[in-house]
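Participant: Sharing structure33.cif below, mmCIF, C-alpha atoms and all ligand atoms:
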data_final
#
loop_
_atom_site.group_PDB
_atom_site.id
_atom_site.type_symbol
_atom_site.label_atom_id
_atom_site.label_comp_id
_atom_site.auth_asym_id
_atom_site.auth_seq_id
_atom_site.Cartn_x
_atom_site.Cartn_y
_atom_site.Cartn_z
ATOM 1 C CA MET W 1078 1.316 -24.045 6.686
ATOM 2 C CA THR W 1079 1.380 -20.314 6.941
ATOM 3 C CA ASN W 1080 3.815 -18.189 5.009
ATOM 4 C CA THR W 1081 3.522 -15.225 7.386
ATOM 5 C CA ILE W 1082 6.836 -13.700 8.427
ATOM 6 C CA LEU W 1083 5.662 -10.497 10.107
ATOM 7 C CA GLU W 1084 2.466 -9.991 12.021
ATOM 8 C CA ALA W 1085 0.785 -7.321 14.099
ATOM 9 C CA LYS W 1086 -2.250 -8.122 16.238
ATOM 10 C CA ASN W 1087 -4.232 -5.199 17.664
ATOM 11 C CA LEU W 1088 -0.983 -3.337 18.118
ATOM 12 C CA THR W 1089 -1.407 -0.102 20.066
ATOM 13 C CA LYS W 1090 1.005 2.568 21.250
ATOM 14 C CA LYS W 1091 -0.037 5.499 23.381
ATOM 15 C CA PHE W 1092 2.113 8.500 24.186
ATOM 16 C CA GLY W 1093 0.177 10.099 27.028
ATOM 17 C CA ASP W 1094 -3.242 10.840 25.558
ATOM 18 C CA ILE W 1095 -2.115 10.350 21.949
ATOM 19 C CA LYS W 1096 -2.827 7.000 20.374
ATOM 20 C CA ALA W 1097 0.057 7.001 17.881
ATOM 21 C CA VAL W 1098 -0.817 3.442 16.833
ATOM 22 C CA ASP W 1099 -4.413 2.422 17.394
ATOM 23 C CA SER W 1100 -5.099 -1.306 17.374
ATOM 24 C CA ILE W 1101 -3.626 -2.193 14.000
ATOM 25 C CA SER W 1102 -3.467 -5.734 12.648
ATOM 26 C CA PHE W 1103 -1.804 -7.144 9.544
ATOM 27 C CA ALA W 1104 0.134 -10.180 8.362
ATOM 28 C CA ILE W 1105 2.936 -9.986 5.822
ATOM 29 C CA ASP W 1106 4.023 -12.988 3.786
ATOM 30 C CA LYS W 1107 7.578 -14.037 3.197
ATOM 31 C CA GLY W 1108 8.944 -12.294 0.097
ATOM 32 C CA GLU W 1109 6.464 -9.425 0.087
ATOM 33 C CA VAL W 1110 7.414 -5.789 -0.368
ATOM 34 C CA PHE W 1111 4.882 -4.207 1.935
ATOM 35 C CA GLY W 1112 4.339 -0.451 2.105
ATOM 36 C CA ILE W 1113 2.871 1.717 4.824
ATOM 37 C CA VAL W 1114 1.790 5.114 3.548
ATOM 38 C CA GLY W 1115 0.072 7.888 5.450
ATOM 39 C CA PRO W 1116 0.248 11.571 6.345
ATOM 40 C CA ASN W 1117 2.809 12.989 8.793
ATOM 41 C CA GLY W 1118 2.113 11.767 12.286
ATOM 42 C CA ALA W 1119 0.022 8.790 11.115
ATOM 43 C CA GLY W 1120 2.062 6.363 13.235
ATOM 44 C CA LYS W 1121 4.260 4.760 10.568
ATOM 45 C CA THR W 1122 7.593 5.218 12.339
ATOM 46 C CA THR W 1123 6.089 4.229 15.684
ATOM 47 C CA THR W 1124 4.830 0.992 14.098
ATOM 48 C CA ILE W 1125 8.277 0.242 12.695
ATOM 49 C CA LYS W 1126 9.920 0.985 16.042
ATOM 50 C CA ILE W 1127 7.651 -1.526 17.763
ATOM 51 C CA LEU W 1128 8.247 -4.202 15.106
ATOM 52 C CA THR W 1129 12.019 -3.689 15.315
ATOM 53 C CA THR W 1130 11.936 -4.095 19.149
ATOM 54 C CA LEU W 1131 12.978 -0.483 19.789
ATOM 55 C CA LEU W 1132 9.727 0.566 21.428
ATOM 56 C CA PRO W 1133 7.387 -1.551 23.579
ATOM 57 C CA PRO W 1134 3.726 -1.527 22.522
ATOM 58 C CA THR W 1135 1.128 -0.333 25.022
ATOM 59 C CA SER W 1136 -1.000 -3.344 24.103
ATOM 60 C CA GLY W 1137 -1.374 -5.939 21.380
ATOM 61 C CA GLU W 1138 1.270 -8.259 19.986
ATOM 62 C CA ALA W 1139 3.735 -8.429 17.127
ATOM 63 C CA PHE W 1140 5.725 -11.323 15.712
ATOM 64 C CA ALA W 1141 8.746 -11.323 13.426
ATOM 65 C CA GLY W 1142 9.837 -14.674 12.040
ATOM 66 C CA GLY W 1143 7.439 -16.233 14.549
ATOM 67 C CA TYR W 1144 9.117 -14.558 17.551
ATOM 68 C CA ASN W 1145 7.146 -12.263 19.814
ATOM 69 C CA VAL W 1146 8.999 -8.947 19.526
ATOM 70 C CA VAL W 1147 8.513 -8.114 23.215
ATOM 71 C CA LYS W 1148 9.447 -11.526 24.603
ATOM 72 C CA PHE W 1149 12.304 -12.419 22.248
ATOM 73 C CA PRO W 1150 13.876 -9.129 21.141
ATOM 74 C CA SER W 1151 17.368 -10.542 20.587
ATOM 75 C CA LYS W 1152 16.026 -13.354 18.380
ATOM 76 C CA VAL W 1153 14.116 -10.755 16.376
ATOM 77 C CA ARG W 1154 17.123 -8.435 16.045
ATOM 78 C CA ARG W 1155 19.153 -11.211 14.454
ATOM 79 C CA ILE W 1156 16.727 -11.642 11.587
ATOM 80 C CA ILE W 1157 15.919 -8.022 10.818
ATOM 81 C CA GLY W 1158 17.662 -5.076 9.226
ATOM 82 C CA TYR W 1159 16.552 -1.504 9.864
ATOM 83 C CA VAL W 1160 17.206 1.754 8.056
ATOM 84 C CA PRO W 1161 15.734 4.512 10.250
ATOM 85 C CA GLN W 1162 14.045 7.649 8.964
ATOM 86 C CA LEU W 1163 16.856 9.763 10.403
ATOM 87 C CA LEU W 1164 20.492 9.342 9.405
ATOM 88 C CA SER W 1165 22.247 6.324 10.840
ATOM 89 C CA ALA W 1166 25.653 6.478 9.134
ATOM 90 C CA ASP W 1167 28.557 8.188 10.894
ATOM 91 C CA GLY W 1168 29.837 11.132 8.831
ATOM 92 C CA THR W 1169 33.229 11.160 10.497
ATOM 93 C CA LEU W 1170 34.022 7.630 9.302
ATOM 94 C CA SER W 1171 34.558 6.352 5.777
ATOM 95 C CA GLY W 1172 31.980 4.158 4.062
ATOM 96 C CA TYR W 1173 34.206 1.141 4.648
ATOM 97 C CA GLU W 1174 34.597 1.970 8.360
ATOM 98 C CA ASN W 1175 30.850 2.342 8.788
ATOM 99 C CA LEU W 1176 30.318 -1.073 7.238
ATOM 100 C CA LEU W 1177 33.047 -2.602 9.388
ATOM 101 C CA MET W 1178 31.399 -1.204 12.502
ATOM 102 C CA PHE W 1179 28.089 -2.817 11.531
ATOM 103 C CA ALA W 1180 29.785 -6.107 10.581
ATOM 104 C CA LYS W 1181 31.182 -6.224 14.130
ATOM 105 C CA LEU W 1182 27.855 -5.178 15.637
ATOM 106 C CA TYR W 1183 26.112 -8.011 13.792
ATOM 107 C CA ASP W 1184 28.732 -10.538 14.908
ATOM 108 C CA ILE W 1185 29.750 -11.433 11.372
ATOM 109 C CA PRO W 1186 32.750 -13.775 11.779
ATOM 110 C CA LYS W 1187 36.089 -12.043 11.196
ATOM 111 C CA LYS W 1188 37.031 -14.144 8.189
ATOM 112 C CA GLU W 1189 33.686 -13.354 6.531
ATOM 113 C CA ARG W 1190 33.749 -9.612 7.204
ATOM 114 C CA GLU W 1191 35.982 -8.343 4.409
ATOM 115 C CA LYS W 1192 34.151 -10.432 1.835
ATOM 116 C CA ARG W 1193 30.713 -9.238 2.936
ATOM 117 C CA ILE W 1194 31.853 -5.610 3.082
ATOM 118 C CA SER W 1195 33.391 -5.620 -0.379
ATOM 119 C CA GLU W 1196 30.379 -7.465 -1.800
ATOM 120 C CA SER W 1197 28.019 -4.887 -0.353
ATOM 121 C CA LEU W 1198 30.149 -1.933 -1.484
ATOM 122 C CA HIS W 1199 30.122 -3.411 -4.966
ATOM 123 C CA PHE W 1200 26.412 -4.203 -4.854
ATOM 124 C CA MET W 1201 25.473 -0.677 -3.728
ATOM 125 C CA GLY W 1202 27.784 1.004 -6.255
ATOM 126 C CA LEU W 1203 29.985 2.506 -3.548
ATOM 127 C CA GLU W 1204 33.338 0.843 -4.263
ATOM 128 C CA ALA W 1205 35.010 4.009 -5.558
ATOM 129 C CA SER W 1206 33.934 5.982 -2.475
ATOM 130 C CA ALA W 1207 34.637 3.328 0.155
ATOM 131 C CA ASP W 1208 37.575 5.214 1.683
ATOM 132 C CA LYS W 1209 36.058 8.687 1.562
ATOM 133 C CA LEU W 1210 34.474 10.200 4.673
ATOM 134 C CA VAL W 1211 30.692 9.802 4.652
ATOM 135 C CA LYS W 1212 30.239 13.522 5.326
ATOM 136 C CA SER W 1213 31.470 14.091 1.758
ATOM 137 C CA TYR W 1214 28.810 11.698 0.320
ATOM 138 C CA SER W 1215 25.648 12.862 -1.445
ATOM 139 C CA GLY W 1216 22.285 12.101 0.179
ATOM 140 C CA GLY W 1217 21.722 9.221 -2.235
ATOM 141 C CA MET W 1218 25.115 7.690 -1.464
ATOM 142 C CA ILE W 1219 24.467 7.925 2.283
ATOM 143 C CA ARG W 1220 21.121 6.178 1.878
ATOM 144 C CA ARG W 1221 22.760 3.431 -0.204
ATOM 145 C CA LEU W 1222 25.437 2.995 2.456
ATOM 146 C CA GLU W 1223 22.789 2.760 5.180
ATOM 147 C CA ILE W 1224 20.953 0.090 3.224
ATOM 148 C CA ALA W 1225 24.261 -1.762 2.722
ATOM 149 C CA GLN W 1226 24.824 -1.598 6.508
ATOM 150 C CA SER W 1227 21.362 -2.911 7.238
ATOM 151 C CA VAL W 1228 21.686 -6.028 5.042
ATOM 152 C CA LEU W 1229 25.281 -7.038 5.881
ATOM 153 C CA HIS W 1230 24.005 -9.870 8.105
ATOM 154 C CA ARG W 1231 21.521 -10.967 5.400
ATOM 155 C CA PRO W 1232 18.340 -10.336 7.357
ATOM 156 C CA ALA W 1233 15.100 -12.121 6.524
ATOM 157 C CA ILE W 1234 13.139 -8.892 7.002
ATOM 158 C CA LEU W 1235 14.292 -5.404 6.075
ATOM 159 C CA PHE W 1236 12.592 -2.296 7.493
ATOM 160 C CA LEU W 1237 13.043 0.893 5.502
ATOM 161 C CA ASP W 1238 11.573 4.051 7.005
ATOM 162 C CA GLU W 1239 11.351 6.699 4.261
ATOM 163 C CA PRO W 1240 14.392 5.395 2.381
ATOM 164 C CA THR W 1241 14.179 8.050 -0.330
ATOM 165 C CA ILE W 1242 13.171 11.138 1.627
ATOM 166 C CA GLY W 1243 15.007 14.246 0.457
ATOM 167 C CA LEU W 1244 16.627 12.536 -2.527
ATOM 168 C CA ASP W 1245 16.457 13.793 -6.100
ATOM 169 C CA PRO W 1246 14.521 11.617 -8.592
ATOM 170 C CA VAL W 1247 17.654 9.952 -9.986
ATOM 171 C CA ALA W 1248 18.993 9.040 -6.535
ATOM 172 C CA ARG W 1249 15.525 7.824 -5.521
ATOM 173 C CA GLU W 1250 15.345 5.595 -8.565
ATOM 174 C CA ALA W 1251 18.777 4.143 -7.704
ATOM 175 C CA VAL W 1252 17.728 3.347 -4.130
ATOM 176 C CA TRP W 1253 14.580 1.579 -5.360
ATOM 177 C CA GLU W 1254 16.592 -0.480 -7.845
ATOM 178 C CA TYR W 1255 18.742 -1.781 -4.990
ATOM 179 C CA VAL W 1256 15.711 -2.463 -2.824
ATOM 180 C CA LYS W 1257 14.183 -4.451 -5.688
ATOM 181 C CA VAL W 1258 17.276 -6.619 -5.952
ATOM 182 C CA ILE W 1259 17.313 -7.193 -2.180
ATOM 183 C CA ALA W 1260 13.671 -8.278 -2.400
ATOM 184 C CA GLN W 1261 14.413 -10.525 -5.376
ATOM 185 C CA HIS W 1262 16.969 -12.292 -3.205
ATOM 186 C CA GLY W 1263 14.103 -13.288 -0.932
ATOM 187 C CA THR W 1264 14.256 -10.614 1.770
ATOM 188 C CA THR W 1265 10.850 -9.452 2.944
ATOM 189 C CA VAL W 1266 10.663 -5.650 2.936
ATOM 190 C CA LEU W 1267 8.471 -3.369 5.013
ATOM 191 C CA MET W 1268 8.840 0.239 3.956
ATOM 192 C CA THR W 1269 7.213 3.597 4.485
ATOM 193 C CA THR W 1270 7.204 6.342 1.917
ATOM 194 C CA HIS W 1271 5.494 9.569 0.972
ATOM 195 C CA TYR W 1272 6.167 8.898 -2.734
ATOM 196 C CA LEU W 1273 3.017 7.071 -3.731
ATOM 197 C CA GLU W 1274 4.009 6.391 -7.327
ATOM 198 C CA GLU W 1275 7.009 4.546 -5.999
ATOM 199 C CA ALA W 1276 4.905 2.622 -3.508
ATOM 200 C CA ASP W 1277 2.604 1.714 -6.405
ATOM 201 C CA ALA W 1278 5.507 0.399 -8.467
ATOM 202 C CA MET W 1279 7.339 -1.364 -5.633
ATOM 203 C CA CYS W 1280 4.798 -2.854 -3.263
ATOM 204 C CA SER W 1281 2.855 -6.099 -3.418
ATOM 205 C CA ARG W 1282 0.484 -4.616 -0.827
ATOM 206 C CA ILE W 1283 0.035 -1.252 0.821
ATOM 207 C CA ALA W 1284 -1.510 -0.213 4.127
ATOM 208 C CA ILE W 1285 -2.944 3.299 4.207
ATOM 209 C CA MET W 1286 -2.454 4.518 7.760
ATOM 210 C CA ILE W 1287 -4.362 7.518 9.055
ATOM 211 C CA ARG W 1288 -4.245 8.766 12.650
ATOM 212 C CA GLY W 1289 -2.891 5.510 14.019
ATOM 213 C CA ARG W 1290 -5.359 3.277 12.225
ATOM 214 C CA ILE W 1291 -5.209 1.274 9.027
ATOM 215 C CA ALA W 1292 -7.846 2.745 6.726
ATOM 216 C CA ALA W 1293 -7.225 0.206 3.950
ATOM 217 C CA ILE W 1294 -4.831 -2.602 3.183
ATOM 218 C CA ASP W 1295 -4.565 -4.290 -0.199
ATOM 219 C CA SER W 1296 -2.621 -4.541 -3.454
ATOM 220 C CA PRO W 1297 -2.206 -1.234 -5.325
ATOM 221 C CA LEU W 1298 -4.660 -2.461 -7.960
ATOM 222 C CA ASN W 1299 -7.332 -3.472 -5.442
ATOM 223 C CA LEU W 1300 -6.925 -0.171 -3.599
ATOM 224 C CA LYS W 1301 -7.629 1.637 -6.858
ATOM 225 C CA LEU W 1302 -10.617 -0.593 -7.533
ATOM 226 C CA SER W 1303 -11.875 0.085 -3.999
ATOM 227 C CA VAL W 1304 -12.381 3.727 -4.960
ATOM 228 C CA GLY W 1305 -13.880 2.700 -8.266
ATOM 229 C CA ASP W 1306 -11.217 3.069 -10.950
ATOM 230 C CA LYS W 1307 -8.238 0.869 -11.735
ATOM 231 C CA ASN W 1308 -6.634 3.605 -13.821
ATOM 232 C CA ILE W 1309 -6.378 6.322 -11.188
ATOM 233 C CA SER W 1310 -3.142 7.165 -9.423
ATOM 234 C CA LEU W 1311 -2.400 5.948 -5.943
ATOM 235 C CA ASN W 1312 -2.243 9.626 -4.963
ATOM 236 C CA LYS W 1313 -5.954 9.909 -5.777
ATOM 237 C CA VAL W 1314 -6.714 6.732 -3.804
ATOM 238 C CA PHE W 1315 -4.799 8.181 -0.860
ATOM 239 C CA GLU W 1316 -6.670 11.503 -1.054
ATOM 240 C CA SER W 1317 -9.954 9.662 -1.203
ATOM 241 C CA TYR W 1318 -9.179 7.730 2.006
ATOM 242 C CA ILE W 1319 -8.013 10.908 3.740
ATOM 243 C CA ASP W 1320 -11.279 12.637 2.727
ATOM 244 C CA LYS W 1321 -13.307 9.709 4.029
ATOM 245 C CA SER W 1322 -11.443 9.849 7.301
ATOM 246 C CA ILE W 1323 -12.009 13.604 7.641
ATOM 247 C CA ASP W 1324 -15.712 13.123 6.826
ATOM 248 C CA SER W 1325 -16.102 10.448 9.461
ATOM 249 C CA GLU W 1326 -14.257 12.610 11.969
ATOM 250 C CA GLU W 1327 -16.527 15.539 11.189
ATOM 251 C CA SER W 1328 -19.622 13.445 11.518
ATOM 252 C CA GLY W 1329 -18.106 12.100 14.741
ATOM 253 C CA ASN W 1330 -17.697 15.650 16.008
ATOM 254 C CA TYR W 1331 -21.152 16.486 14.801
ATOM 255 C CA LYS W 1332 -22.540 13.490 16.647
ATOM 256 C CA ASP W 1333 -20.672 14.543 19.773
ATOM 257 C CA VAL W 1334 -21.938 18.090 19.481
ATOM 258 C CA SER W 1335 -25.543 17.055 18.917
ATOM 259 C CA ARG W 1336 -25.311 14.547 21.766
ATOM 260 C CA THR W 1337 -23.950 17.272 24.057
ATOM 261 C CA ARG W 1338 -26.697 19.598 22.941
ATOM 262 C CA ARG W 1339 -29.360 16.975 23.541
ATOM 263 C CA THR W 1340 -27.938 16.300 26.990
ATOM 264 C CA ALA W 1341 -27.770 20.020 27.742
ATOM 265 C CA LYS W 1342 -31.366 20.432 26.664
ATOM 266 C CA ARG W 1343 -32.473 17.573 28.850
ATOM 267 C CA LEU W 1344 -30.572 18.926 31.809
ATOM 268 C CA GLY W 1345 -31.630 22.505 31.111
HETATM 269 N N1 LIG O 1 8.476 9.561 21.619
HETATM 270 C C1 LIG O 1 7.314 10.176 21.427
HETATM 271 N N2 LIG O 1 6.706 10.858 22.415
HETATM 272 C C2 LIG O 1 5.514 11.449 22.239
HETATM 273 N N3 LIG O 1 4.830 11.422 21.081
HETATM 274 C C3 LIG O 1 5.395 10.774 20.055
HETATM 275 C C4 LIG O 1 6.654 10.106 20.165
HETATM 276 N N4 LIG O 1 6.948 9.533 18.956
HETATM 277 C C5 LIG O 1 5.920 9.830 18.156
HETATM 278 N N5 LIG O 1 4.985 10.556 18.794
HETATM 279 C C6 LIG O 1 3.699 11.028 18.232
HETATM 280 O O1 LIG O 1 3.045 9.898 17.684
HETATM 281 C C7 LIG O 1 2.393 10.226 16.474
HETATM 282 C C8 LIG O 1 2.908 9.324 15.359
HETATM 283 O O2 LIG O 1 4.266 9.667 15.051
HETATM 284 P P1 LIG O 1 5.107 8.871 13.973
HETATM 285 O O3 LIG O 1 6.489 9.419 14.028
HETATM 286 O O4 LIG O 1 4.945 7.422 14.195
HETATM 287 O O5 LIG O 1 4.385 9.295 12.619
HETATM 288 P P2 LIG O 1 4.828 9.020 11.115
HETATM 289 O O6 LIG O 1 3.641 8.429 10.440
HETATM 290 O O7 LIG O 1 6.092 8.268 11.062
HETATM 291 O O8 LIG O 1 5.016 10.514 10.563
HETATM 292 P P3 LIG O 1 6.056 11.080 9.458
HETATM 293 O O9 LIG O 1 5.396 10.850 8.110
HETATM 294 O O10 LIG O 1 6.109 12.547 9.790
HETATM 295 O O11 LIG O 1 7.362 10.397 9.620
HETATM 296 C C9 LIG O 1 2.641 11.713 16.258
HETATM 297 O O12 LIG O 1 1.542 12.398 16.791
HETATM 298 C C10 LIG O 1 3.885 11.982 17.062
HETATM 299 O O13 LIG O 1 3.943 13.311 17.488
HETATM 300 MG MG MG O 2 7.927 8.655 10.299
#
Give the structure from the file, written as structure tokens.
Facilitator:
Amino acid sequence: MTNTILEAKNLTKKFGDIKAVDSISFAIDKGEVFGIVGPNGAGKTTTIKILTTLLPPTSGEAFAGGYNVVKFPSKVRRIIGYVPQLLSADGTLSGYENLLMFAKLYDIPKKEREKRISESLHFMGLEASADKLVKSYSGGMIRRLEIAQSVLHRPAILFLDEPTIGLDPVAREAVWEYVKVIAQHGTTVLMTTHYLEEADAMCSRIAIMIRGRIAAIDSPLNLKLSVGDKNISLNKVFESYIDKSIDSEESGNYKDVSRTRRTAKRLG
């Protein structure tokens, strides 16, 4: 029996001529904290949008909890939580009101709502600020509220797109502590981040995504070993894969140029 809870098979997304996601495949096991890292524009957010049913793929397939994300989007939406890269909390409402809105959105039964909301406020350390307007929150508090919103319905899979972007180190640390606890409760997490030390500490496996493709996918330790040294930082591993990708692109260009030249010569 397979333990896979999230799967992508040759997933591709084109925007005009741009292949934002270029035939990627992976399978994530139940209980994993899986990271996607990669430079700006690598296709991380696009991948998450496809997996969360918000964007149709151009080709390929994806499954969440066994459901095809294109064919059964409402089934998928019931078992996932999503914290987008851009802000998703409403600044003009209080923390409590934001949570109430999501509790309604997720169809949490009325008699359960108050309990779930107060549990999540407590869990995310937001009890004292529950009645304050979100626009008065710090960045870290907003992120914690958004995570609280996204797990109110106790999803099996949680998607976090850059959950700590723009936060100071202390606030970042706090967010990761909460994510760890959510994962310990059995929720599978797929996250993206630009903070590679954090990915190293948090993730069971990491996919390095470059220009729409997965350049490598493995545990942090095996990724380090793949470039020859288990003691180097994940930053160095990342740089090494970026260099390789640039090299292959250059040789690709070179090949193209020499092919064009050969053709020109033949024709000339
Ligand atoms: N709606 C869209 N229309 C056209 N192009 C898009 C659209 N969304 C994304 N792209 C392009 O697809 C590519 C991948 O973008 P994506 O947002 O997935 O990258 P990312 O890895 O999340 O980057 P970042 O680290 O900056 O968040 C980029 O070239 C981007 O400009
Ligand atoms: Mg992104």
Participant: For the structure shown, which residues end up in the PyMOL selection byres (((not hetatm)) within 9 of (chain O and resi 1))? Put them as a ChimeraX atom specification, please?
Facilitator: /W:1090-1093,1095-1098,1113-1126,1162,1238-1239,1269-1271,1286-1289
Participant: Given only C-alpha atoms as the basis, pick out the residue of W:Ala1205, W:Leu1131, W:Ile1259, W:Leu1237 nearest to Gly1108 of chain W.
Facilitator: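 For Gly1108 of chain W, the nearest of the candidates is W:Ile1259.
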Participant: List as a PyMOL selection string the protein and nucleic acid residues near Arg1193 of chain W, meaning an atom at most 9 Å away when only C-alpha atoms are counted, but skip any in the same chain fewer than 6 places from it.
Facilitator: chain W and resi 1180+1185+1229-1230
Participant: May I have the residues within 12 Å of Gln1261 of chain W as a ChimeraX atom specification, using all atoms listed in the file and disregarding those fewer than 6 positions away in the same chain?
Facilitator: /W:1107-1110,1254-1255,1279
Participant: Using the file's own x, y and z axes, what box holds all listed atoms of segment 1095-1106 of chain W with 5 Å on each side, keeping edges along x, y and z, and what are its centre and edge lengths in Å to one decimal, as AutoDock Vina command-line options?
Facilitator:
--center_x -0.5 --center_y -1.3 --center_z 12.9 --size_x 19.1 --size_y 33.3 --size_z 28.2
Participant: I need the residue nearest ligand MG 2 (chain O) from this list: W:Arg1221, W:Met1268, W:Ala1233, W:Gln1226. Use all atoms listed in the file for the distance.
Facilitator: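 Closest candidate: W:Met1268.
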Participant: Kindly indicate which residue among W:Asp1208, W:Asn1087, W:Ala1260, W:Ile1242 lies nearest to ligand MG 2 (chain O), using all atoms listed in the file for the distances.
Facilitator: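 The shortest atom-to-atom distance to ligand MG 2 (chain O) comes from W:Ile1242.
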Participant: For each of W:Ser1100, W:Ser1206, W:Asn1145, W:Asn1299, take the minimum atom-to-atom distance to Gly1172 of chain W, counting only C-alpha atoms, then give the residue where this is smallest.
Facilitator: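 With only C-alpha atoms as the atom set, the closest residue is W:Ser1206.
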Participant: So that I can check the surroundings of Ser1213 of chain W, please list as a ChimeraX atom specification every protein, DNA and RNA residue that reaches within 12 Å of it, counting all atoms listed in the file and ignoring chain neighbours fewer than 3 positions away.
Facilitator: /W:1167-1172,1206-1210,1216-1219
Participant: Which neighbours of Leu1235 of chain W fall inside 10 Å, counting only C-alpha atoms, when residues of the same chain fewer than 3 positions from it are skipped, and could you give them as a ChimeraX atom specification?
Facilitator: /W:1110,1129,1156-1160,1224,1227-1228,1231-1232,1238,1256,1259-1260,1264-1268
Participant: Would you list the contacts of Thr1089 of chain W as a ChimeraX atom specification, taking every protein, DNA or RNA residue within 7 Å and counting all atoms listed in the file, but skipping same-chain residues closer than 3 positions in sequence?
Facilitator: /W:1098-1101,1134-1137
Participant: Measuring between only C-alpha atoms and all ligand atoms, which one of W:Ile1294, W:Met1178, W:Ala1251, W:Pro1161 shows the shortest distance to ligand MG 2 (chain O)?
Facilitator: W:Pro1161
Participant: Which of these, W:Leu1300, W:Ala1139, W:Leu1182, W:Ile1194, has the shortest distance to Asn1312 of chain W once you count all atoms listed in the file?
Facilitator: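 Distance minimum relative to Asn1312 of chain W lands on W:Leu1300.
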Participant: Spell out the residues picked by the PyMOL selection byres (((chain W and resi 1301) around 12) and not hetatm) here, as a count of residues only.
Facilitator: 28
Participant: To one decimal place, how far is atom CA of Val1247 of chain W from atom CA of Tyr1272 of chain W in Å?
Facilitator: 13.6 Å
Participant: Would you mind reading off the distance between atom CA of Leu1088 of chain W and atom CA of Ile1127 of chain W, one decimal, in Å?
Facilitator: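 Taking atom CA of Leu1088 of chain W and atom CA of Ile1127 of chain W, their separation equals 8.8 Å.
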